[in-house]
Amino acid sequence: MNGNTWIEGWFEKCEELEIKPWEWDFKQSYIKEPIPKDKSSIELILDYKSRTLKEIGICNVTKKTGRKADCDKEPFYIYQLLWSTDYKPEPKSQLNLDRYNLIRGETMNSFITTFNHSKTLAYDFPINYKFEKFATSTHFIGNFTVLPHWMNSGRYLFSQDYWDVTMYSLFEFFQPLGCWKKFVERYFLQPYVNNDEEWTVSEFWEDHFGGIGSYNRLKPQNEQELSEYLHKVNLRIEERGKWIIKKVCEDLELQHFKFYDELIDMPIRFSNEMNYSQT
């Protein structure tokens with residue numbers, strides 16, 4: 001199937017199901033029927049992580065399910081369009097998913113890492129909605145990017161899959177080379193940096209980078225940090241996802257879809273330009 005044809009067909013399915021593309025949960029790739037609106041997002045992501053989603057779902061590209069299901073590999077036609085990545089189908093004799101792809105899809109912020117850690121915190125404030133939202137937005141297009149295979153596999157030990165920490169390490173590497181801003185623009189990462197002279201990386205909570213090198217300190221240490229993280233990560237995923245869909249629509253001249261009306265005059269916002277007030 002031609003990649004552009006798949007993207008247009010996906011947009012049509014989004015409109016049919018009344019789902020905005022930047023709010024499409026790619027766990028749908030492993031569920032045949034539309035995800036029920038009353039389905040617990042946390043229950044669904046735990047099903048996914050336990051490898052029990054075994055159907056060829058809506059807009060499944062890889063044709064893989066169960067233990068081989070991998071949400072961030074499904075939108076590779078979008079990666080191909082925006083970032084010129086190549087997809088080499090895995091030989092049937094090989095068991096490792098996408099082992100021959102040097103650049104491959106990656107989930108930027110992990111739900112499970114924070115979810116498991118939150119069980120160790122004694123909190124009594126209402127974060128259920130934020131956790132449900134993050135359980136879904138984890139697999140939105142705005143939380144996907146592409147990385148070299150080795151970085152994809154190795155960044156967890158350093159960053160615990162908190163994207164601001166990954167960005168901070170990339171800033172330290174790219175900024176002296178003079179290519180940091182170009183990198184940010186190419187991968188639509190403005191929601192993770194401040195619109196200052198150097199485009200410095202914005203922390204999810206105060207002194208998050210101070211935890212680099214400590215396995216536990218990179219995770220929220222209290223109720224306030226956990227709440228702030230959930231709030232900010234959801235906003236950033238949405239902002240980046242909208243911009244990705246906007247660019248796809250414009251590159252493929254698909255501005256006729258209704259959801260594009262919400263994006264037509266949208267500029268991508270930097271972190272310090274977003275409203276993080278919590279209600």
# chains A, B, ... in the order shown; residues from 1 in each chain; ligands from 1
$ select_by_dssp --residues "stretch 95-222 of chain A" --states "helix (DSSP H, G or I)" --output "MDAnalysis selection string"
chainID A and resid 111:118 128:137 141:143 149:159 163:177 180:186 190:192 209:211
$ residues_around --residues "A:Lys130" --least-positions-apart "2" --cutoff "12 Å" --atoms "only C-alpha atoms" --output "list of chain:residue names"
A:Ser41, A:Ile42, A:Phe111, A:Phe115, A:Phe125, A:Pro126, A:Ile127, A:Asn128, A:Glu132, A:Lys133, A:Phe134, A:Ala135, A:Thr136, A:Ser137, A:Thr138, A:Leu226, A:Ser227, A:Glu228, A:Tyr229, A:Leu230, A:His231, A:Lys232, A:Val233, A:Asn234, A:Leu235, A:Gln278, A:Thr279
$ residues_around --residues "A:Thr113" --least-positions-apart "5" --cutoff "9 Å" --atoms "only C-alpha atoms" --output "PyMOL selection string"
chain A and resi 118+160-161+219
$ closest_residue --among "A:Ser84, A:Thr52, A:Ser40, A:Thr200" --to "A:Arg186" --atoms "only C-alpha atoms"
A:Ser84
$ decode --residues "stretch 222-233 of chain A" --atoms "all heavy atoms" --output "PDB file, in the first residue's frame"
ATOM      1  N   ASN A 222       7.033  13.272  44.888  1.00  0.00           N
ATOM      2  CA  ASN A 222       5.918  13.610  45.762  1.00  0.00           C
ATOM      3  C   ASN A 222       4.683  13.898  44.915  1.00  0.00           C
ATOM      4  O   ASN A 222       4.724  13.849  43.677  1.00  0.00           O
ATOM      5  CB  ASN A 222       6.267  14.817  46.650  1.00  0.00           C
ATOM      6  CG  ASN A 222       6.797  15.989  45.831  1.00  0.00           C
ATOM      7  OD1 ASN A 222       6.163  16.443  44.875  1.00  0.00           O
ATOM      8  ND2 ASN A 222       7.974  16.486  46.204  1.00  0.00           N
ATOM      9  N   GLU A 223       3.592  14.213  45.584  1.00  0.00           N
ATOM     10  CA  GLU A 223       2.318  14.446  44.906  1.00  0.00           C
ATOM     11  C   GLU A 223       2.396  15.609  43.921  1.00  0.00           C
ATOM     12  O   GLU A 223       1.860  15.541  42.815  1.00  0.00           O
ATOM     13  CB  GLU A 223       1.233  14.718  45.942  1.00  0.00           C
ATOM     14  CG  GLU A 223       1.008  13.593  46.924  1.00  0.00           C
ATOM     15  CD  GLU A 223       0.070  13.986  48.049  1.00  0.00           C
ATOM     16  OE1 GLU A 223      -0.498  15.101  47.954  1.00  0.00           O
ATOM     17  OE2 GLU A 223      -0.099  13.212  48.991  1.00  0.00           O
ATOM     18  N   GLN A 224       3.057  16.680  44.338  1.00  0.00           N
ATOM     19  CA  GLN A 224       3.123  17.868  43.495  1.00  0.00           C
ATOM     20  C   GLN A 224       3.869  17.581  42.196  1.00  0.00           C
ATOM     21  O   GLN A 224       3.428  17.976  41.108  1.00  0.00           O
ATOM     22  CB  GLN A 224       3.805  19.013  44.250  1.00  0.00           C
ATOM     23  CG  GLN A 224       3.923  20.288  43.405  1.00  0.00           C
ATOM     24  CD  GLN A 224       4.576  21.431  44.176  1.00  0.00           C
ATOM     25  OE1 GLN A 224       4.701  21.377  45.396  1.00  0.00           O
ATOM     26  NE2 GLN A 224       4.999  22.446  43.449  1.00  0.00           N
ATOM     27  N   GLU A 225       5.010  16.906  42.294  1.00  0.00           N
ATOM     28  CA  GLU A 225       5.785  16.604  41.097  1.00  0.00           C
ATOM     29  C   GLU A 225       5.037  15.646  40.174  1.00  0.00           C
ATOM     30  O   GLU A 225       5.071  15.797  38.947  1.00  0.00           O
ATOM     31  CB  GLU A 225       7.142  16.015  41.488  1.00  0.00           C
ATOM     32  CG  GLU A 225       8.062  17.042  42.121  1.00  0.00           C
ATOM     33  CD  GLU A 225       9.414  16.469  42.498  1.00  0.00           C
ATOM     34  OE1 GLU A 225       9.619  15.245  42.337  1.00  0.00           O
ATOM     35  OE2 GLU A 225      10.278  17.239  42.975  1.00  0.00           O
ATOM     36  N   LEU A 226       4.362  14.679  40.742  1.00  0.00           N
ATOM     37  CA  LEU A 226       3.585  13.744  39.939  1.00  0.00           C
ATOM     38  C   LEU A 226       2.457  14.454  39.197  1.00  0.00           C
ATOM     39  O   LEU A 226       2.260  14.261  37.994  1.00  0.00           O
ATOM     40  CB  LEU A 226       3.021  12.638  40.828  1.00  0.00           C
ATOM     41  CG  LEU A 226       2.147  11.587  40.142  1.00  0.00           C
ATOM     42  CD1 LEU A 226       2.917  10.867  39.048  1.00  0.00           C
ATOM     43  CD2 LEU A 226       1.596  10.602  41.168  1.00  0.00           C
ATOM     44  N   SER A 227       1.732  15.304  39.896  1.00  0.00           N
ATOM     45  CA  SER A 227       0.627  16.039  39.285  1.00  0.00           C
ATOM     46  C   SER A 227       1.139  16.976  38.195  1.00  0.00           C
ATOM     47  O   SER A 227       0.545  17.076  37.110  1.00  0.00           O
ATOM     48  CB  SER A 227      -0.116  16.842  40.354  1.00  0.00           C
ATOM     49  OG  SER A 227      -1.177  17.575  39.784  1.00  0.00           O
ATOM     50  N   GLU A 228       2.255  17.658  38.468  1.00  0.00           N
ATOM     51  CA  GLU A 228       2.819  18.589  37.493  1.00  0.00           C
ATOM     52  C   GLU A 228       3.279  17.850  36.240  1.00  0.00           C
ATOM     53  O   GLU A 228       3.065  18.304  35.110  1.00  0.00           O
ATOM     54  CB  GLU A 228       3.989  19.352  38.121  1.00  0.00           C
ATOM     55  CG  GLU A 228       4.553  20.447  37.240  1.00  0.00           C
ATOM     56  CD  GLU A 228       5.622  21.278  37.934  1.00  0.00           C
ATOM     57  OE1 GLU A 228       5.865  21.055  39.141  1.00  0.00           O
ATOM     58  OE2 GLU A 228       6.211  22.142  37.265  1.00  0.00           O
ATOM     59  N   TYR A 229       3.909  16.699  36.449  1.00  0.00           N
ATOM     60  CA  TYR A 229       4.370  15.909  35.309  1.00  0.00           C
ATOM     61  C   TYR A 229       3.206  15.481  34.424  1.00  0.00           C
ATOM     62  O   TYR A 229       3.234  15.673  33.197  1.00  0.00           O
ATOM     63  CB  TYR A 229       5.132  14.675  35.784  1.00  0.00           C
ATOM     64  CG  TYR A 229       5.399  13.690  34.671  1.00  0.00           C
ATOM     65  CD1 TYR A 229       6.245  14.034  33.605  1.00  0.00           C
ATOM     66  CD2 TYR A 229       4.795  12.444  34.651  1.00  0.00           C
ATOM     67  CE1 TYR A 229       6.476  13.148  32.570  1.00  0.00           C
ATOM     68  CE2 TYR A 229       5.022  11.548  33.614  1.00  0.00           C
ATOM     69  CZ  TYR A 229       5.871  11.907  32.578  1.00  0.00           C
ATOM     70  OH  TYR A 229       6.097  11.030  31.543  1.00  0.00           O
ATOM     71  N   LEU A 230       2.173  14.903  35.021  1.00  0.00           N
ATOM     72  CA  LEU A 230       1.037  14.421  34.243  1.00  0.00           C
ATOM     73  C   LEU A 230       0.380  15.549  33.463  1.00  0.00           C
ATOM     74  O   LEU A 230       0.001  15.390  32.298  1.00  0.00           O
ATOM     75  CB  LEU A 230       0.021  13.740  35.156  1.00  0.00           C
ATOM     76  CG  LEU A 230       0.479  12.433  35.808  1.00  0.00           C
ATOM     77  CD1 LEU A 230      -0.555  11.952  36.820  1.00  0.00           C
ATOM     78  CD2 LEU A 230       0.726  11.361  34.761  1.00  0.00           C
ATOM     79  N   HIS A 231       0.253  16.689  34.108  1.00  0.00           N
ATOM     80  CA  HIS A 231      -0.373  17.844  33.457  1.00  0.00           C
ATOM     81  C   HIS A 231       0.462  18.316  32.264  1.00  0.00           C
ATOM     82  O   HIS A 231      -0.062  18.498  31.153  1.00  0.00           O
ATOM     83  CB  HIS A 231      -0.531  18.970  34.472  1.00  0.00           C
ATOM     84  CG  HIS A 231      -1.222  20.181  33.940  1.00  0.00           C
ATOM     85  ND1 HIS A 231      -2.533  20.178  33.524  1.00  0.00           N
ATOM     86  CD2 HIS A 231      -0.769  21.454  33.741  1.00  0.00           C
ATOM     87  CE1 HIS A 231      -2.869  21.392  33.098  1.00  0.00           C
ATOM     88  NE2 HIS A 231      -1.810  22.174  33.213  1.00  0.00           N
ATOM     89  N   LYS A 232       1.755  18.465  32.473  1.00  0.00           N
ATOM     90  CA  LYS A 232       2.616  18.995  31.417  1.00  0.00           C
ATOM     91  C   LYS A 232       2.803  18.007  30.274  1.00  0.00           C
ATOM     92  O   LYS A 232       2.808  18.400  29.099  1.00  0.00           O
ATOM     93  CB  LYS A 232       3.980  19.391  31.994  1.00  0.00           C
ATOM     94  CG  LYS A 232       3.935  20.662  32.823  1.00  0.00           C
ATOM     95  CD  LYS A 232       5.339  21.064  33.281  1.00  0.00           C
ATOM     96  CE  LYS A 232       5.303  22.403  34.015  1.00  0.00           C
ATOM     97  NZ  LYS A 232       6.653  22.812  34.476  1.00  0.00           N
ATOM     98  N   VAL A 233       2.964  16.739  30.605  1.00  0.00           N
ATOM     99  CA  VAL A 233       3.229  15.777  29.536  1.00  0.00           C
ATOM    100  C   VAL A 233       2.003  15.638  28.633  1.00  0.00           C
ATOM    101  O   VAL A 233       2.140  15.537  27.404  1.00  0.00           O
ATOM    102  CB  VAL A 233       3.668  14.413  30.111  1.00  0.00           C
ATOM    103  CG1 VAL A 233       2.510  13.611  30.693  1.00  0.00           C
ATOM    104  CG2 VAL A 233       4.384  13.598  29.043  1.00  0.00           C
TER     105      VAL A 233
END
